[in-house]
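Below is protein30.csv, holding CSV, C-alpha atoms and all ligand atoms.
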```
chain,number,residue,atom,x,y,z
C,242,MET,CA,-1.5,-47.0,66.3
C,243,THR,CA,-3.5,-47.1,69.6
C,244,SER,CA,-0.2,-46.7,71.5
C,245,LEU,CA,0.9,-43.8,69.3
C,246,VAL,CA,-2.4,-42.0,70.0
C,247,GLN,CA,-2.0,-42.8,73.7
C,248,THR,CA,1.6,-41.4,73.7
C,249,VAL,CA,0.5,-38.2,71.9
C,250,THR,CA,-2.5,-37.6,74.2
C,251,GLN,CA,-0.5,-38.3,77.3
C,252,SER,CA,2.3,-36.0,76.3
C,253,ARG,CA,3.0,-32.7,78.1
C,254,LEU,CA,2.6,-30.7,74.9
C,255,TRP,CA,-0.9,-32.1,74.2
C,256,LYS,CA,-1.9,-31.6,77.8
C,257,SER,CA,-0.8,-28.0,77.7
C,258,PHE,CA,-3.3,-27.4,74.9
C,259,PHE,CA,-6.1,-29.7,75.9
C,260,ARG,CA,-6.8,-29.7,79.7
C,261,HIS,CA,-9.4,-32.5,79.6
C,262,GLY,CA,-9.7,-36.1,78.7
C,263,TRP,CA,-12.0,-37.6,75.9
C,264,PRO,CA,-15.5,-36.2,76.5
C,265,ASP,CA,-17.2,-39.5,77.4
C,266,ASN,CA,-18.1,-38.6,81.0
C,267,PRO,CA,-19.9,-35.5,82.5
C,268,LEU,CA,-16.7,-34.0,84.0
C,269,ASP,CA,-14.8,-34.1,80.7
C,270,ARG,CA,-17.8,-32.9,78.8
C,271,SER,CA,-18.0,-29.8,81.0
C,272,LEU,CA,-14.3,-29.2,80.8
C,273,VAL,CA,-14.4,-29.2,77.0
C,274,MET,CA,-16.8,-26.3,77.3
C,275,THR,CA,-15.1,-24.3,80.0
C,276,THR,CA,-11.5,-24.6,78.8
C,277,ASN,CA,-12.1,-23.5,75.2
C,278,ILE,CA,-12.1,-19.8,74.3
C,279,PHE,CA,-15.1,-20.2,72.0
C,280,PHE,CA,-17.1,-22.9,73.7
C,281,HIS,CA,-16.9,-21.2,77.1
C,282,LEU,CA,-19.3,-18.5,76.0
C,283,HIS,CA,-21.9,-21.2,75.9
C,284,PRO,CA,-23.4,-22.8,79.0
C,285,VAL,CA,-22.3,-26.4,79.8
C,286,LYS,CA,-25.9,-27.4,79.9
C,287,VAL,CA,-28.8,-25.9,78.0
C,288,ASN,CA,-32.4,-26.4,78.7
C,289,ARG,CA,-34.2,-28.4,76.0
C,290,ARG,CA,-37.0,-25.8,75.7
C,291,SER,CA,-34.7,-22.9,74.8
C,292,ILE,CA,-33.2,-24.7,71.8
C,293,LYS,CA,-36.6,-25.5,70.3
C,294,ALA,CA,-36.3,-23.6,67.0
C,295,SER,CA,-40.0,-22.7,67.2
C,296,TYR,CA,-39.4,-20.6,70.3
C,297,SER,CA,-36.7,-18.1,69.4
C,298,LEU,CA,-36.8,-18.8,65.6
C,299,GLY,CA,-33.0,-18.4,65.8
C,300,LEU,CA,-33.5,-14.7,65.1
C,301,GLY,CA,-31.0,-13.3,67.7
C,302,VAL,CA,-28.4,-15.8,66.6
C,303,LEU,CA,-29.0,-14.9,63.0
C,304,THR,CA,-28.6,-11.2,63.8
C,305,THR,CA,-25.3,-11.9,65.6
C,306,PHE,CA,-24.2,-14.0,62.6
C,307,LEU,CA,-25.0,-11.1,60.2
C,308,PHE,CA,-23.1,-8.6,62.4
C,309,ILE,CA,-20.0,-10.8,62.2
C,310,GLU,CA,-20.5,-11.2,58.4
C,311,LEU,CA,-20.8,-7.5,58.0
C,312,ALA,CA,-17.7,-6.8,60.0
C,313,LEU,CA,-15.7,-9.3,57.9
C,314,THR,CA,-16.9,-8.1,54.5
C,315,GLY,CA,-16.6,-4.4,55.7
C,316,VAL,CA,-12.9,-4.9,56.5
C,317,LEU,CA,-12.3,-6.4,53.1
C,318,LEU,CA,-14.1,-3.5,51.4
C,319,MET,CA,-11.9,-1.1,53.4
C,320,PHE,CA,-8.9,-2.5,51.4
C,321,TYR,CA,-10.2,-0.8,48.3
C,322,TYR,CA,-12.4,2.1,49.4
C,323,VAL,CA,-11.0,5.6,50.1
C,324,PRO,CA,-13.5,8.0,51.9
C,325,SER,CA,-12.9,11.1,49.8
C,326,VAL,CA,-15.3,12.8,47.5
C,327,GLU,CA,-12.9,12.4,44.6
C,328,HIS,CA,-12.3,8.7,45.1
C,329,ALA,CA,-15.3,7.1,46.8
C,330,PHE,CA,-17.6,6.6,43.8
C,331,VAL,CA,-14.8,5.5,41.5
C,332,ASP,CA,-13.6,3.0,44.2
C,333,ILE,CA,-17.1,1.5,44.4
C,334,VAL,CA,-17.2,1.1,40.6
C,335,LYS,CA,-13.8,-0.5,40.7
C,336,ILE,CA,-14.9,-2.9,43.5
C,337,GLN,CA,-17.9,-3.8,41.3
C,338,THR,CA,-16.0,-4.2,38.1
C,339,LEU,CA,-12.2,-4.8,38.6
C,340,VAL,CA,-11.7,-6.4,42.0
C,341,PRO,CA,-11.9,-10.2,42.0
C,342,PHE,CA,-15.2,-11.2,43.7
C,343,GLY,CA,-15.7,-7.5,44.4
C,344,GLN,CA,-19.3,-7.4,43.3
C,345,LEU,CA,-20.0,-10.5,45.5
C,346,LEU,CA,-18.2,-8.8,48.4
C,347,ARG,CA,-20.2,-5.6,48.0
C,348,ASN,CA,-23.5,-7.4,47.6
C,349,LEU,CA,-22.8,-9.5,50.7
C,350,HIS,CA,-22.2,-6.4,52.7
C,351,ARG,CA,-25.2,-4.5,51.3
C,352,TRP,CA,-27.7,-7.3,51.5
C,353,GLY,CA,-26.4,-8.4,54.8
C,354,ALA,CA,-27.1,-4.9,56.1
C,355,HIS,CA,-30.7,-4.9,54.8
C,356,LEU,CA,-31.2,-8.4,56.3
C,357,MET,CA,-29.8,-7.4,59.7
C,358,VAL,CA,-32.3,-4.6,60.0
C,359,ILE,CA,-35.1,-7.1,59.2
C,360,THR,CA,-33.9,-9.8,61.5
C,361,THR,CA,-33.3,-7.3,64.4
C,362,ILE,CA,-36.9,-6.0,64.1
C,363,LEU,CA,-38.3,-9.6,63.8
C,364,HIS,CA,-36.1,-10.6,66.8
C,365,MET,CA,-37.6,-7.7,68.8
C,366,VAL,CA,-41.1,-8.7,67.7
C,367,ARG,CA,-40.4,-12.3,68.8
C,368,VAL,CA,-39.1,-11.2,72.2
C,369,PHE,CA,-42.3,-9.0,72.7
C,370,TYR,CA,-44.6,-11.8,71.5
C,371,THR,CA,-43.2,-14.4,73.9
C,372,GLY,CA,-43.2,-11.8,76.8
C,373,ALA,CA,-39.4,-12.3,77.2
C,374,TYR,CA,-39.0,-8.5,78.0
C,375,LYS,CA,-40.6,-9.0,81.4
C,376,PRO,CA,-38.4,-9.0,84.7
C,377,PRO,CA,-35.7,-10.0,85.1
C,378,ARG,CA,-35.0,-9.3,81.4
C,379,GLU,CA,-36.2,-5.7,81.2
C,380,PHE,CA,-32.6,-4.4,81.2
C,381,ASN,CA,-31.7,-6.6,78.3
C,382,TRP,CA,-34.7,-5.3,76.4
C,383,VAL,CA,-33.3,-1.7,76.9
C,384,VAL,CA,-29.9,-2.9,75.7
C,385,GLY,CA,-31.7,-4.4,72.7
C,386,VAL,CA,-33.4,-1.1,71.9
C,387,VAL,CA,-30.0,0.7,71.9
C,388,LEU,CA,-28.7,-2.1,69.6
C,389,LEU,CA,-31.7,-1.5,67.2
C,390,ILE,CA,-30.9,2.2,67.1
C,391,LEU,CA,-27.2,1.4,66.4
C,392,THR,CA,-28.1,-1.1,63.7
C,393,LEU,CA,-30.2,1.6,62.0
C,394,GLY,CA,-27.4,4.1,62.5
C,395,ALA,CA,-24.9,1.7,60.9
C,396,SER,CA,-27.2,1.4,57.9
C,397,PHE,CA,-27.8,5.2,57.6
C,398,THR,CA,-24.1,6.1,57.8
C,399,GLY,CA,-23.1,3.3,55.4
C,400,TYR,CA,-25.7,4.7,52.9
C,401,LEU,CA,-23.6,7.8,52.2
C,402,LEU,CA,-20.3,6.0,51.5
C,403,PRO,CA,-20.9,5.1,47.8
C,404,TRP,CA,-21.2,8.8,47.2
C,405,ASP,CA,-23.6,8.4,44.3
C,406,GLN,CA,-26.7,10.5,43.7
C,407,LEU,CA,-28.9,8.2,45.7
C,408,ALA,CA,-26.6,8.4,48.7
C,409,PHE,CA,-26.0,12.1,48.4
C,410,TRP,CA,-29.7,13.0,48.3
C,411,ALA,CA,-30.8,10.4,50.9
C,412,ILE,CA,-28.3,11.9,53.4
C,413,THR,CA,-29.3,15.4,52.5
C,414,VAL,CA,-33.0,14.5,53.2
C,415,GLY,CA,-32.1,12.4,56.3
C,416,THR,CA,-30.0,15.1,58.0
C,417,SER,CA,-32.6,17.8,57.1
C,418,ILE,CA,-35.3,15.7,58.8
C,419,ALA,CA,-33.0,15.5,61.9
C,420,ALA,CA,-32.8,19.3,61.9
C,421,TYR,CA,-36.5,19.5,62.6
C,422,GLU,CA,-36.1,18.0,66.1
C,423,PRO,CA,-37.2,20.9,68.2
C,424,LEU,CA,-34.5,21.1,70.9
C,425,MET,CA,-31.2,19.9,69.4
C,426,GLY,CA,-32.1,19.4,65.8
C,427,ARG,CA,-29.7,21.9,64.2
C,428,THR,CA,-26.9,20.8,66.5
C,429,ILE,CA,-27.4,17.2,65.6
C,430,GLN,CA,-27.4,18.1,61.9
C,431,GLN,CA,-24.2,20.1,62.3
C,432,ILE,CA,-22.5,17.3,64.3
C,433,LEU,CA,-23.4,14.8,61.6
C,434,LEU,CA,-22.5,16.9,58.6
C,435,GLY,CA,-19.5,18.9,60.0
C,436,GLY,CA,-20.5,21.8,57.8
C,437,PRO,CA,-23.5,23.5,56.2
C,438,GLU,CA,-24.1,20.8,53.5
C,439,VAL,CA,-23.3,17.2,52.5
C,440,GLY,CA,-19.6,17.4,51.5
C,441,GLN,CA,-16.1,15.9,52.4
C,442,GLU,CA,-16.6,16.7,56.2
C,443,ALA,CA,-19.8,14.7,56.2
C,444,LEU,CA,-18.2,11.8,54.3
C,445,THR,CA,-15.3,11.7,56.8
C,446,ARG,CA,-17.7,11.8,59.8
C,447,PHE,CA,-20.0,9.1,58.4
C,448,TYR,CA,-17.0,6.9,57.6
C,449,ALA,CA,-15.6,7.2,61.1
C,450,LEU,CA,-19.0,6.5,62.6
C,451,HIS,CA,-19.6,3.6,60.2
C,452,ILE,CA,-16.3,1.7,60.5
C,453,MET,CA,-15.3,2.5,64.0
C,454,VAL,CA,-17.6,4.2,66.5
C,455,ILE,CA,-20.8,2.2,65.8
C,456,PRO,CA,-19.2,-1.3,65.3
C,457,MET,CA,-17.2,-0.8,68.5
C,458,LEU,CA,-20.3,0.2,70.5
C,459,MET,CA,-22.2,-2.7,69.0
C,460,THR,CA,-19.5,-5.2,69.8
C,461,LEU,CA,-19.6,-4.1,73.4
C,462,LEU,CA,-23.4,-4.1,73.6
C,463,ILE,CA,-23.8,-7.4,71.8
C,464,SER,CA,-21.4,-8.9,74.3
C,465,LEU,CA,-23.3,-7.4,77.2
C,466,HIS,CA,-26.6,-8.6,75.6
C,467,LEU,CA,-25.5,-12.2,75.3
C,468,TRP,CA,-23.9,-12.2,78.8
C,469,ARG,CA,-27.2,-10.9,80.2
C,470,VAL,CA,-29.1,-13.7,78.5
C,471,ARG,CA,-26.9,-16.1,80.5
C,472,LYS,CA,-27.1,-14.2,83.7
C,473,ASP,CA,-30.9,-14.0,83.4
C,474,GLY,CA,-31.0,-17.8,83.4
C,475,GLY,CA,-31.0,-18.5,79.6
C,476,LEU,CA,-33.9,-17.8,77.4
C,477,ALA,CA,-37.3,-17.0,79.0
C,478,ALA,CA,-38.5,-20.3,77.5
C,479,ASN,CA,-36.8,-22.0,80.5
C,480,GLN,CA,-39.5,-20.7,82.8
C,481,LEU,CA,-42.3,-22.1,80.7
C,482,LYS,CA,-44.1,-25.3,81.6
C,483,ASP,CA,-43.7,-28.3,79.3
C,484,ASN,CA,-47.1,-27.9,77.7
C,485,GLU,CA,-46.8,-24.1,77.1
N,1,LIG,C1,-27.8,-6.2,67.0
N,1,LIG,C2,-29.0,-6.5,67.5
N,1,LIG,C3,-29.3,-7.7,68.4
N,1,LIG,C4,-28.5,-8.9,68.5
N,1,LIG,C5,-27.2,-9.3,67.8
N,1,LIG,C6,-29.2,-9.7,69.5
N,1,LIG,C7,-28.8,-11.0,69.9
N,1,LIG,C8,-29.6,-11.8,70.7
N,1,LIG,C9,-29.4,-13.3,71.0
N,1,LIG,C10,-28.3,-14.1,70.2
N,1,LIG,C11,-30.2,-13.7,71.9
N,1,LIG,C12,-30.4,-15.1,72.4
N,1,LIG,C13,-31.1,-16.0,71.4
N,1,LIG,C14,-32.4,-15.5,70.8
N,1,LIG,O1,-33.3,-15.0,71.5
N,1,LIG,O2,-32.6,-15.7,69.5
N,1,LIG,C15,-31.0,-12.5,72.3
N,1,LIG,C16,-32.0,-12.5,73.3
N,1,LIG,C17,-32.7,-11.4,73.7
N,1,LIG,N1,-32.8,-10.2,73.0
N,1,LIG,FE1,-31.6,-9.6,71.5
N,1,LIG,N2,-30.3,-9.0,69.9
N,1,LIG,C18,-30.4,-7.8,69.3
N,1,LIG,C19,-31.4,-6.9,69.4
N,1,LIG,C20,-32.4,-6.9,70.3
N,1,LIG,C21,-33.5,-6.0,70.4
N,1,LIG,C22,-33.8,-4.9,69.3
N,1,LIG,C23,-34.3,-6.3,71.5
N,1,LIG,C24,-35.5,-5.7,72.0
N,1,LIG,C25,-35.7,-4.4,72.0
N,1,LIG,C26,-33.6,-7.5,72.1
N,1,LIG,C27,-34.0,-8.1,73.3
N,1,LIG,C28,-33.7,-9.3,73.7
N,1,LIG,C29,-34.1,-10.0,74.9
N,1,LIG,C30,-35.1,-9.4,75.9
N,1,LIG,C31,-33.6,-11.3,74.9
N,1,LIG,C32,-33.9,-12.5,75.8
N,1,LIG,C33,-34.9,-13.3,75.2
N,1,LIG,C34,-35.4,-14.5,75.9
N,1,LIG,O3,-35.0,-14.7,77.1
N,1,LIG,O4,-36.3,-15.2,75.4
N,1,LIG,N3,-32.5,-7.8,71.3
N,1,LIG,N4,-30.6,-11.4,71.6
```
Would it be possible to restate this file's structure as structure tokens?
Ligand code: HEM
Amino acid sequence: MTSLVQTVTQSRLWKSFFRHGWPDNPLDRSLVMTTNIFFHLHPVKVNRRSIKASYSLGLGVLTTFLFIELALTGVLLMFYYVPSVEHAFVDIVKIQTLVPFGQLLRNLHRWGAHLMVITTILHMVRVFYTGAYKPPREFNWVVGVVLLILTLGASFTGYLLPWDQLAFWAITVGTSIAAYEPLMGRTIQQILLGGPEVGQEALTRFYALHIMVIPMLMTLLISLHLWRVRKDGGLAANQLKDNE
């Protein structure tokens, strides 16, 4: 058995996949991290202080997790949902009643979205409370603010898609509020609605924003945000003294 394991792990095929030995020494341990597509996003060594759950409360990671969960459940919902004023509401009812696990799927997406707004705000409060917005992390704070706006934008655009009374009137009120902005209010309202009132044009635009524009921007910015965390020397906790 041992010789079989040895033959396999010494083979060219095995070595073409795994470019390191068994991780029982510092070199192989770092190679495990740097030669794996998923692990390499994580630093080889992490400061003990930054993984203390009581420091970050895991809120940024939780927000990232919810973003991935929303992307996955969103794609599955797209299999059944057609963004047209004739079909949208009926499709949602079908998802809730006919599609296997449809109700679970929709609830995962809806509750995930509510939770993501909450965790993003709590994450921001945590960053503020621990002073982690100070140099050199001020740029990442600004990236975070844009991420918060996009998170709220994703929730707002998703709200119209069920095309029920709640959605219709919420978006009517929301876009009317936008129109009160003194300089570009009317233009913003027209860009969002694509016409004088909430109708098919608005549904098409909200759908495109919700499933493509906002998630793509968020994917880019979350990548930038996490990359910045690494480039700024990990979490700000690393700069604290042991008794802080
Ligand atoms: C989609 C929204 C967001 C995601 C997915 C996200 C994700 C993360 C993650 C995973 C971390 C590292 C771990 C942690 O601190 O828990 C982090 C750190 C950080 N985030 Fe966010 N974040 C988001 C929104 C925000 C917002 C709204 C702000 C502030 C306005 C912000 C500012 C920061 C800063 C300054 C750090 C570094 C913290 C430190 O060094 O202690 N982020 N973020």
Contact residues around Phe320 in chain C with all atoms listed in the file at 12 Å, ignoring same-chain residues under 4 positions, as a list of chain:residue names: C:Leu313, C:Thr314, C:Gly315, C:Val316, C:Pro324, C:Asp332, C:Ile333, C:Lys335, C:Ile336, C:Val340, C:Gly343, C:Leu346
Contacts with ligand LIG 1 (chain N) at most 6 Å, all atoms listed in the file counted, listed as a ChimeraX atom specification: /C:297,299-302,304-305,361,365,368,373-374,378,381-382,385-386,388-389,463,467,470,476-478
Selected residues, C-alpha atoms, written as a PDB file, keeping the file's coordinate frame, please.
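The resulting selection.pdb:
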```
ATOM      1  CA  SER C 297     -36.700 -18.100  69.400  1.00  0.00           C
ATOM      2  CA  GLY C 299     -33.000 -18.400  65.800  1.00  0.00           C
ATOM      3  CA  LEU C 300     -33.500 -14.700  65.100  1.00  0.00           C
ATOM      4  CA  GLY C 301     -31.000 -13.300  67.700  1.00  0.00           C
ATOM      5  CA  VAL C 302     -28.400 -15.800  66.600  1.00  0.00           C
ATOM      6  CA  THR C 304     -28.600 -11.200  63.800  1.00  0.00           C
ATOM      7  CA  THR C 305     -25.300 -11.900  65.600  1.00  0.00           C
ATOM      8  CA  THR C 361     -33.300  -7.300  64.400  1.00  0.00           C
ATOM      9  CA  MET C 365     -37.600  -7.700  68.800  1.00  0.00           C
ATOM     10  CA  VAL C 368     -39.100 -11.200  72.200  1.00  0.00           C
ATOM     11  CA  ALA C 373     -39.400 -12.300  77.200  1.00  0.00           C
ATOM     12  CA  TYR C 374     -39.000  -8.500  78.000  1.00  0.00           C
ATOM     13  CA  ARG C 378     -35.000  -9.300  81.400  1.00  0.00           C
ATOM     14  CA  ASN C 381     -31.700  -6.600  78.300  1.00  0.00           C
ATOM     15  CA  TRP C 382     -34.700  -5.300  76.400  1.00  0.00           C
ATOM     16  CA  GLY C 385     -31.700  -4.400  72.700  1.00  0.00           C
ATOM     17  CA  VAL C 386     -33.400  -1.100  71.900  1.00  0.00           C
ATOM     18  CA  LEU C 388     -28.700  -2.100  69.600  1.00  0.00           C
ATOM     19  CA  LEU C 389     -31.700  -1.500  67.200  1.00  0.00           C
ATOM     20  CA  ILE C 463     -23.800  -7.400  71.800  1.00  0.00           C
ATOM     21  CA  LEU C 467     -25.500 -12.200  75.300  1.00  0.00           C
ATOM     22  CA  VAL C 470     -29.100 -13.700  78.500  1.00  0.00           C
ATOM     23  CA  LEU C 476     -33.900 -17.800  77.400  1.00  0.00           C
ATOM     24  CA  ALA C 477     -37.300 -17.000  79.000  1.00  0.00           C
ATOM     25  CA  ALA C 478     -38.500 -20.300  77.500  1.00  0.00           C
TER      26      ALA C 478
END
```
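Distance-wise, CA of Ser325 in chain C and CA of Tyr448 in chain C end up 9.8 Å apart.
You will find CA of Asp473 in chain C at 18.3 Å from CA of Lys293 in chain C.
For the choices C:Gly399, C:Gly475, C:Pro267, C:Gly262, the atom-to-atom distance to Pro377 in chain C is smallest for C:Gly475 when using only C-alpha atoms.
The smallest atom-to-atom distance between Ile359 in chain C and any of C:Gln430, C:Thr392, C:Thr338, C:Thr371, using only C-alpha atoms, is found for C:Thr392.
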Straight-line distance linking CA of Ser257 in chain C with CA of Ser244 in chain C, stated in Å to one decimal: 19.7 Å
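Among the candidates C:Pro376, C:Gly415, C:Pro284, C:Gly353, the residue lying nearest to Trp468 in chain C is C:Pro284 (atoms considered: only C-alpha atoms).
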Given only C-alpha atoms as the counted atoms, nearest of C:Leu393, C:Val285, C:Trp352, C:Tyr296 to Arg471 in chain C: C:Val285
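Proximity ranking of C:Ile455, C:Val287, C:Leu407, C:Leu282 relative to Leu391 in chain C places C:Ile455 first, based on only C-alpha atoms.
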Non-local contacts of Gln247 in chain C (12 Å; only C-alpha atoms; under 5 positions in same chain excluded) as JSON, numbers by chain: {"C": [242, 252, 255, 256, 262, 263]}
Spatial neighbours of Ile390 in chain C, max dist 12 Å, only C-alpha atoms, sep filter under 5 positions, as number ranges by chain: C: 358, 361-362, 383-385, 395-397, 455, 458-459, 462
